[in-house]
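*Asks:* target_37.txt (compact mmCIF, C-alpha atoms) pasted underneath:
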# COMPACT_ATOMS: atom_id res chain seq x y z
CA MET E 22 -25.27 -6.67 5.51
CA GLU E 23 -28.08 -7.02 8.07
CA GLY E 24 -26.31 -10.05 9.48
CA PHE E 25 -23.16 -7.99 9.84
CA VAL E 26 -25.05 -5.25 11.69
CA THR E 27 -26.83 -7.59 14.11
CA ALA E 28 -23.57 -9.45 14.77
CA ILE E 29 -21.89 -6.23 15.90
CA GLU E 30 -24.70 -4.43 17.71
CA GLY E 31 -24.74 -5.27 21.39
CA THR E 32 -21.14 -6.54 21.49
CA ALA E 33 -18.89 -5.24 24.27
CA ILE E 34 -16.89 -3.10 21.81
CA ASN E 35 -20.06 -1.64 20.31
CA GLU E 36 -21.31 -0.69 23.78
CA TRP E 37 -17.92 0.72 24.79
CA VAL E 38 -17.73 3.01 21.73
CA LEU E 39 -21.26 4.26 22.33
CA GLY E 40 -20.92 4.27 26.12
CA SER E 41 -19.30 7.67 26.53
CA ALA E 42 -19.76 10.88 24.60
CA TRP E 43 -15.96 11.28 24.56
CA VAL E 44 -14.97 8.06 22.81
CA TRP E 45 -16.09 9.17 19.33
CA PRO E 46 -14.37 12.61 19.25
CA ILE E 47 -11.17 11.13 20.73
CA MET E 48 -11.17 8.41 18.03
CA GLU E 49 -11.70 11.10 15.38
CA ILE E 50 -8.76 13.12 16.70
CA LEU E 51 -6.56 10.00 16.62
CA HIS E 52 -7.83 9.17 13.10
CA PHE E 53 -6.80 12.66 11.92
CA ILE E 54 -3.37 12.37 13.56
CA GLY E 55 -2.96 8.93 11.97
CA LEU E 56 -3.86 10.26 8.53
CA SER E 57 -1.33 13.09 8.89
CA LEU E 58 1.44 10.60 9.75
CA LEU E 59 0.42 8.16 7.00
CA LEU E 60 0.05 10.75 4.23
CA GLY E 61 2.96 12.91 5.39
CA SER E 62 5.46 10.06 5.26
CA LEU E 63 3.93 8.65 2.05
CA LEU E 64 4.08 12.04 0.32
CA ILE E 65 7.84 12.21 0.86
CA ILE E 66 8.46 8.57 -0.10
CA ASP E 67 6.17 8.59 -3.15
CA LEU E 68 7.06 12.00 -4.57
CA ARG E 69 10.75 11.02 -4.43
CA MET E 70 9.94 7.61 -5.93
CA ALA E 71 8.07 9.46 -8.70
CA GLY E 72 11.35 11.16 -9.56
CA LEU E 73 10.62 14.52 -7.92
CA PHE E 74 12.53 16.24 -5.07
CA ARG E 75 15.79 14.57 -6.10
CA ARG E 76 17.74 16.34 -3.38
CA ILE E 77 16.17 13.77 -1.06
CA ASN E 78 18.26 10.59 -0.80
CA ILE E 79 15.90 7.92 -2.13
CA VAL E 80 17.71 5.10 -0.32
CA ALA E 81 17.20 6.94 3.01
CA THR E 82 13.45 7.38 2.46
CA HIS E 83 12.95 3.80 3.69
CA LYS E 84 13.49 5.24 7.19
CA LEU E 85 10.08 6.86 6.83
CA LEU E 86 8.33 3.52 6.23
CA PRO E 87 7.73 2.78 9.95
CA TRP E 88 5.71 6.03 10.14
CA VAL E 89 3.51 4.84 7.29
CA PHE E 90 2.76 1.75 9.39
CA VAL E 91 2.25 3.75 12.60
CA GLY E 92 -0.22 6.05 10.83
CA PHE E 93 -1.98 3.13 9.15
CA GLY E 94 -2.11 1.17 12.42
CA ILE E 95 -3.69 4.06 14.33
CA ASN E 96 -6.28 4.46 11.60
CA LEU E 97 -7.00 0.76 11.26
CA VAL E 98 -7.74 0.52 15.00
CA THR E 99 -9.76 3.76 15.25
CA GLY E 100 -11.51 3.03 11.94
CA THR E 101 -12.52 -0.45 13.10
CA LEU E 102 -13.92 1.11 16.28
CA PHE E 103 -16.03 3.54 14.20
CA VAL E 104 -17.52 0.57 12.35
CA PHE E 105 -18.18 -1.23 15.64
CA GLY E 106 -19.82 1.92 17.00
CA ASP E 107 -22.17 2.44 14.07
CA PRO E 108 -22.24 -0.69 11.84
CA ALA E 109 -25.56 0.14 10.14
CA ARG E 110 -24.35 3.52 8.95
CA TYR E 111 -21.00 2.35 7.56
CA SER E 112 -22.09 -0.89 5.95
CA ALA E 113 -24.80 0.94 3.99
CA ASN E 114 -22.63 3.92 2.99
CA ILE E 115 -21.39 3.94 -0.63
CA GLY E 116 -18.52 6.28 0.24
CA PHE E 117 -17.30 3.92 2.94
CA ARG E 118 -17.51 0.89 0.62
CA TRP E 119 -15.45 2.64 -2.06
CA LYS E 120 -13.03 3.78 0.60
CA MET E 121 -12.43 0.17 1.67
CA VAL E 122 -12.00 -0.94 -1.98
CA LEU E 123 -9.36 1.78 -2.42
CA VAL E 124 -7.59 0.81 0.82
CA LEU E 125 -7.40 -2.72 -0.60
CA ILE E 126 -5.99 -1.44 -3.92
CA ALA E 127 -3.48 0.70 -2.00
CA GLY E 128 -2.50 -2.39 0.01
CA LEU E 129 -1.96 -4.48 -3.15
CA ASN E 130 0.07 -1.63 -4.61
CA ALA E 131 2.19 -1.61 -1.42
CA LEU E 132 2.80 -5.35 -1.90
CA TRP E 133 3.87 -4.61 -5.49
CA PHE E 134 6.36 -2.07 -4.09
CA TRP E 135 7.57 -4.61 -1.52
CA TRP E 136 8.07 -7.26 -4.19
CA LYS E 137 9.54 -5.24 -7.08
CA ILE E 138 11.04 -2.01 -5.72
CA ASN E 139 12.09 -2.47 -2.10
CA PRO E 140 14.68 -5.22 -2.78
CA VAL E 141 16.46 -3.21 -5.51
CA MET E 142 16.05 0.30 -4.10
CA LYS E 143 19.11 0.03 -1.83
CA SER E 144 21.40 -0.09 -4.87
CA TRP E 145 19.89 2.99 -6.54
CA GLU E 146 21.78 6.24 -7.01
CA PRO E 147 20.58 8.40 -4.07
CA HIS E 148 19.75 11.49 -6.15
CA ALA E 149 19.02 10.05 -9.62
CA ASP E 150 15.78 9.74 -11.55
CA THR E 151 13.71 6.60 -10.92
CA PRO E 152 12.57 3.74 -13.21
CA ALA E 153 9.13 3.85 -14.83
CA LEU E 154 7.78 1.04 -12.63
CA ALA E 155 8.72 2.94 -9.46
CA LYS E 156 7.00 6.05 -10.82
CA THR E 157 3.87 4.06 -11.64
CA ILE E 158 3.70 2.53 -8.16
CA ALA E 159 4.34 5.93 -6.54
CA TRP E 160 1.51 7.69 -8.41
CA ILE E 161 -0.92 4.81 -7.76
CA SER E 162 -0.04 5.06 -4.08
CA LEU E 163 -0.63 8.83 -3.92
CA GLY E 164 -3.79 8.57 -6.04
CA THR E 165 -5.36 5.82 -3.97
CA TRP E 166 -4.45 7.23 -0.54
CA PHE E 167 -5.68 10.74 -1.34
CA SER E 168 -8.89 9.19 -2.70
CA VAL E 169 -9.21 7.24 0.56
CA LEU E 170 -8.84 10.55 2.41
CA LEU E 171 -11.51 12.25 0.29
CA LEU E 172 -13.99 9.38 0.47
CA GLY E 173 -13.52 9.20 4.22
CA ARG E 174 -14.19 12.89 4.65
CA LEU E 175 -17.27 12.65 2.44
CA ILE E 176 -18.88 9.70 4.26
CA PRO E 177 -21.34 12.02 6.07
CA TYR E 178 -22.39 13.53 2.71
CA ILE E 179 -22.61 10.39 0.59
CA GLY E 180 -25.80 8.45 0.88
CA THR E 181 -26.63 4.79 0.87
CA GLY E 182 -27.04 4.64 -2.92
CA MET O 7 -20.36 42.10 10.92
CA PHE O 8 -20.19 38.31 11.20
CA GLU O 9 -23.93 38.10 10.73
CA SER O 10 -23.78 39.95 7.41
CA LEU O 11 -20.86 37.70 6.39
CA GLU O 12 -22.96 34.67 7.23
CA ASN O 13 -25.77 36.00 5.01
CA SER O 14 -23.52 36.84 2.06
CA ALA O 15 -23.91 35.08 -1.27
CA VAL O 16 -20.64 33.18 -0.76
CA ALA O 17 -21.67 31.94 2.69
CA LEU O 18 -25.03 30.80 1.37
CA TRP O 19 -23.32 28.94 -1.47
CA VAL O 20 -21.00 27.16 1.01
CA GLY O 21 -23.66 26.47 3.60
CA GLU O 22 -26.73 25.69 1.57
CA SER O 23 -25.81 24.49 -1.90
CA LEU O 24 -25.53 20.75 -2.41
CA TYR O 25 -21.79 20.68 -3.13
CA GLY O 26 -20.37 23.83 -1.51
CA TYR O 27 -19.68 22.54 2.00
CA PRO O 28 -18.47 19.01 1.10
CA PHE O 29 -16.25 20.47 -1.65
CA MET O 30 -14.57 22.93 0.73
CA LEU O 31 -14.31 20.24 3.42
CA SER O 32 -12.59 17.92 0.92
CA LEU O 33 -10.05 20.58 0.01
CA HIS O 34 -9.52 21.20 3.74
CA ALA O 35 -8.74 17.49 4.31
CA VAL O 36 -6.24 17.37 1.41
CA GLY O 37 -4.54 20.57 2.58
CA LEU O 38 -4.38 19.23 6.14
CA ALA O 39 -2.66 16.04 5.03
CA ILE O 40 -0.09 18.03 3.03
CA VAL O 41 0.73 20.81 5.46
CA VAL O 42 0.57 18.85 8.72
CA GLY O 43 2.10 15.77 7.12
CA ILE O 44 5.15 17.59 5.74
CA PHE O 45 5.71 19.90 8.70
CA VAL O 46 5.40 17.03 11.20
CA MET O 47 7.94 14.96 9.24
CA ARG O 48 10.27 17.99 9.10
CA ASP O 49 9.89 18.48 12.88
CA LEU O 50 10.62 14.79 13.54
CA ARG O 51 13.71 15.05 11.30
CA LEU O 52 14.93 18.11 13.22
CA LEU O 53 14.38 16.20 16.48
CA GLY O 54 16.86 13.59 15.23
CA LEU O 55 14.78 10.91 13.50
CA PHE O 56 15.42 9.50 10.00
CA ALA O 57 19.15 10.25 9.94
CA GLY O 58 20.28 9.84 6.34
CA ILE O 59 17.62 12.17 4.96
CA SER O 60 19.60 15.43 4.83
CA TYR O 61 18.27 18.60 6.46
CA GLU O 62 18.80 20.41 3.17
CA SER O 63 16.59 17.96 1.31
CA ILE O 64 13.84 18.13 3.95
CA ASP O 65 13.95 21.92 3.58
CA SER O 66 13.20 21.50 -0.15
CA LEU O 67 9.67 20.29 0.75
CA LYS O 68 8.65 23.61 2.31
CA LYS O 69 7.00 24.97 -0.85
CA LEU O 70 4.72 21.95 -0.99
CA ALA O 71 3.85 22.39 2.70
CA TRP O 72 2.94 26.06 2.13
CA ILE O 73 0.76 25.03 -0.83
CA GLY O 74 -1.13 22.79 1.61
CA PHE O 75 -1.26 25.68 4.08
CA SER O 76 -2.71 27.99 1.41
CA ILE O 77 -5.33 25.42 0.32
CA ASN O 78 -6.49 25.31 3.93
CA ALA O 79 -6.37 29.05 4.52
CA ILE O 80 -8.61 29.55 1.48
CA SER O 81 -10.99 26.61 2.04
CA GLY O 82 -11.02 27.50 5.76
CA CYS O 83 -12.20 31.04 4.97
CA PHE O 84 -15.04 29.64 2.85
CA LEU O 85 -16.05 27.19 5.59
CA PHE O 86 -15.87 30.01 8.15
CA THR O 87 -18.35 32.21 6.26
CA SER O 88 -21.11 29.60 6.45
CA GLN O 89 -21.17 29.62 10.27
CA ALA O 90 -19.27 32.82 11.03
CA THR O 91 -21.25 33.85 14.12
CA THR O 92 -20.90 30.37 15.66
CA PHE O 93 -17.20 29.94 14.87
CA ILE O 94 -16.17 33.38 16.13
CA GLN O 95 -17.59 32.49 19.55
CA SER O 96 -16.24 28.94 19.64
CA THR O 97 -13.32 28.50 22.06
CA PRO O 98 -11.87 25.45 20.25
CA PHE O 99 -12.06 27.33 16.93
CA LEU O 100 -10.23 30.38 18.33
CA LEU O 101 -7.68 28.06 19.93
CA LYS O 102 -7.19 26.25 16.62
CA ILE O 103 -6.61 29.48 14.68
CA SER O 104 -4.16 30.75 17.35
CA MET O 105 -2.19 27.50 17.24
CA ILE O 106 -2.01 27.53 13.43
CA PHE O 107 -0.83 31.16 13.52
CA LEU O 108 1.91 30.23 16.02
CA ALA O 109 2.84 27.09 14.04
CA ALA O 110 3.25 29.26 10.91
CA ILE O 111 5.62 31.53 12.88
CA CYS O 112 7.55 28.42 13.99
CA ALA O 113 7.77 27.30 10.34
CA ALA O 114 9.13 30.72 9.32
CA ILE O 115 11.75 30.60 12.10
CA ILE O 116 12.72 27.02 11.23
CA GLN O 117 13.10 27.62 7.50
CA ASN O 118 15.16 30.75 8.12
CA ARG O 119 17.55 28.75 10.29
CA MET O 120 17.56 25.83 7.83
CA ARG O 121 18.37 28.10 4.89
CA ASP O 122 21.45 29.37 6.74
CA ASP O 123 22.57 26.30 8.67
CA ALA O 124 21.11 23.08 7.20
CA ALA O 125 24.20 22.40 5.07
CA ALA O 126 26.44 22.79 8.12
CA TRP O 127 24.29 20.41 10.22
CA ASP O 128 24.49 17.88 7.40
CA SER O 129 28.25 18.09 6.91
CA SER O 130 29.19 18.20 10.61
CA GLY O 131 26.91 15.27 11.44
CA THR O 132 25.94 16.91 14.76
CA GLY O 133 22.36 17.56 13.75
CA ALA O 134 20.17 20.59 14.39
CA VAL O 135 21.15 22.86 17.29
CA GLY O 136 19.12 22.83 20.50
CA SER O 137 17.25 26.09 19.87
CA VAL O 138 15.96 24.84 16.51
CA LYS O 139 15.02 21.48 18.04
CA ALA O 140 13.01 23.36 20.67
CA VAL O 141 11.11 25.29 17.98
CA ALA O 142 10.48 21.99 16.14
CA ALA O 143 9.08 20.41 19.31
CA VAL O 144 6.78 23.43 19.86
CA SER O 145 5.69 23.26 16.20
CA LEU O 146 4.88 19.55 16.51
CA ALA O 147 2.79 20.19 19.64
CA LEU O 148 0.98 23.09 17.93
CA TRP O 149 -0.02 21.02 14.89
CA VAL O 150 -1.31 18.20 17.08
CA GLY O 151 -3.11 20.82 19.17
CA ALA O 152 -4.64 22.37 16.04
CA ILE O 153 -6.00 18.97 14.97
CA ILE O 154 -7.41 18.31 18.46
CA SER O 155 -9.10 21.69 18.78
CA GLY O 156 -10.22 21.61 15.14
CA ARG O 157 -12.08 18.35 15.71
CA LEU O 158 -13.55 19.64 18.96
CA VAL O 159 -15.13 22.61 17.14
CA ALA O 160 -17.81 20.15 16.07
CA TYR O 161 -18.45 18.93 19.64
CA LEU O 162 -18.07 21.84 22.09
Would you mind writing the file's structure down as structure tokens?

*Replies:*
Amino acid sequence: MEGFVTAIEGTAINEWVLGSAWVWPIMEILHFIGLSLLLGSLLIIDLRMAGLFRRINIVATHKLLPWVFVGFGINLVTGTLFVFGDPARYSANIGFRWKMVLVLIAGLNALWFWWKINPVMKSWEPHADTPALAKTIAWISLGTWFSVLLLGRLIPYIGTG
Amino acid sequence: MFESLENSAVALWVGESLYGYPFMLSLHAVGLAIVVGIFVMRDLRLLGLFAGISYESIDSLKKLAWIGFSINAISGCFLFTSQATTFIQSTPFLLKISMIFLAAICAAIIQNRMRDDAAAWDSSGTGAVGSVKAVAAVSLALWVGAIISGRLVAYL
């Protein structure tokens, strides 16, 4: 981890993030907007895929997917900049490490959705109940993303282990 | 008044116990994701995005959004007690609370109109009327504004 820290400290991006008092709060604001877009669109997609809110047309929920990617993209960029701004703090933080593990699990779960659910979803009854596999993937998605949210918020309070 | 609040047993639990503040802050993050997430998606739908998801079905998410709102009203009150005298004099904090208050009024207006007219917008295919779109645009701006000012409470 020390190698990681020394590799980042002193880079142009590291200096840019630390260069102005405004960069950090602006990144935080964007990170919060990104999380609202990501979790807002995922809540609707996943709760419907879990079989709830059946008045929502499940086939049409795929129109929300671009907003999942917009939210994730904003947070990937701003999140990477946080790490570049303060590599020592993040690399040593247990909360941050678990957060990244959960983002990875959420990503694998999204691939599972892409492989097993997305191709067949178009032929589903718009307002019917959903198969068990879809429900499983939906609850894993909600569970992991809300855990990511909690771990992220708790980074300042979780130590280095 | 705010000083005595800040010295109350509840405020001391939030501010000085090991888990009080992070616990309330965690609830506040979950509530934020739910209430802002759902209301922003509803506003974007009213502004014409994601055609195919009916207005009626989007309206069915309002209970969940208000659950998120309530989580944050409650956790927000707890967080407020711990630094009451600071928050009550903080411009970004007062701005944040005003914007949330106005956004809640927007939500009430929108769901009233949706209860009466959502089915008609769905069946006619014309979409939400201009006045409702305007309220949705204001609501969207208010939620973004609440996030911006909320974050700035920690900096200004």

*Asks:* What's the separation between CA of Trp145 (chain E) and CA of Leu163 (chain E), in Å to one decimal place?

*Replies:*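 Going from CA of Trp145 (chain E) over to CA of Leu163 (chain E) covers 21.5 Å.
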
*Asks:* Provide as a list in words the residues of chain O at most 6 Å from chain E, counting only C-alpha atoms.

*Replies:*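 The contacting residues on chain O are Ser32, Ala39, Gly43, Ile44, Phe56, Gly58, Ile59, Ser63 and Ile154 of chain O.
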
*Asks:* Using only C-alpha atoms - which residues lie no farther than 7 Å from the point (22.7, 15.8, 8.6) in the file's frame? Write them as a count of residues only.

*Replies:* 9

*Asks:* Taking (10.3, 19.7, 9.4) as a centre in this file's frame and 9 Å as the limit, can you find every polymer residue with an atom that close, using only C-alpha atoms, and give them as a ChimeraX atom specification?

*Replies:* /O:44-53,61,64-65,67-68,113,116-117,142,145-146

*Asks:* Skip Ile34 (chain E) itself and residues of its chain fewer than 4 positions away, then list as number ranges by chain all residues within 9 Å of it, counting all atoms listed in the file.

*Replies:* E: 29-30, 38-39, 102, 105-106

*Asks:* Measure the distance from CA of Pro87 (chain E) to CA of Ser144 (chain E) in Å and round it to one decimal.

*Replies:*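 Interatomic distance, CA of Pro87 (chain E) to CA of Ser144 (chain E): 20.4 Å.
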
*Asks:* Within 12 Å of Leu11 (chain O), counting only C-alpha atoms, which residues show up once you throw out same-chain ones fewer than 5 positions away? Write them as a list in words, please.

*Replies:*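 Using only C-alpha atoms, the neighbours found are Val16, Ala17, Leu18, Val20, Gly21, Cys83, Phe84, Leu85, Phe86, Thr87, Ser88, Gln89, Ala90, Thr91, Thr92 and Ile94 of chain O.
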
*Asks:* Give the padded box for region 40-43 of chain E as lines of an AutoDock Vina configuration file: axis-aligned, covering all atoms listed in the file, 5 Å on each side, centre and edge lengths in Å to one decimal.

*Replies:*
center_x = -18.4
center_y = 7.8
center_z = 25.5
size_x = 15.0
size_y = 17.0
size_z = 12.0

*Asks:* Between CA of Ala134 (chain O) and CA of Ile66 (chain E), what is the distance, to one decimal in Å?

*Replies:*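 So the answer is 22.2 Å.
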
*Asks:* From the options O:Val159, O:Ala143, O:Met30, O:Leu24, which residue's atoms come nearest to Gln95 (chain O), counting all atoms listed in the file?

*Replies:*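 Of O:Val159, O:Ala143, O:Met30, O:Leu24, the one nearest Gln95 (chain O), counting all atoms listed in the file, is O:Val159.
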
*Asks:* Which is closest to Leu154 (chain E) among E:Ala33, E:Tyr111, E:Trp45, E:Gly72, if we use only C-alpha atoms?

*Replies:* E:Gly72

*Asks:* Nearest to Phe8 (chain O) among O:Ile73, O:Phe93, O:Ala109, O:Leu33, with distances taken over all atoms listed in the file: which residue is it?

*Replies:*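 Answer, going by the shortest atom-to-atom distance: O:Phe93.
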
*Asks:* Might you pull out every residue within 12 Å of region 104-107 of chain O, with all atoms listed in the file counted and same-chain residues fewer than 3 positions away left off, and present them as number ranges by chain?

*Replies:* O: 38, 41-42, 45, 75, 78-79, 82, 97-101, 110-114, 144-156

*Asks:* Find the residue from O:Ala35, O:Ser81, O:Glu22, O:Glu62 that sits nearest to Asp123 (chain O); use only C-alpha atoms when measuring.

*Replies:*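 Residue with the minimum atom-to-atom distance to Asp123 (chain O): O:Glu62.
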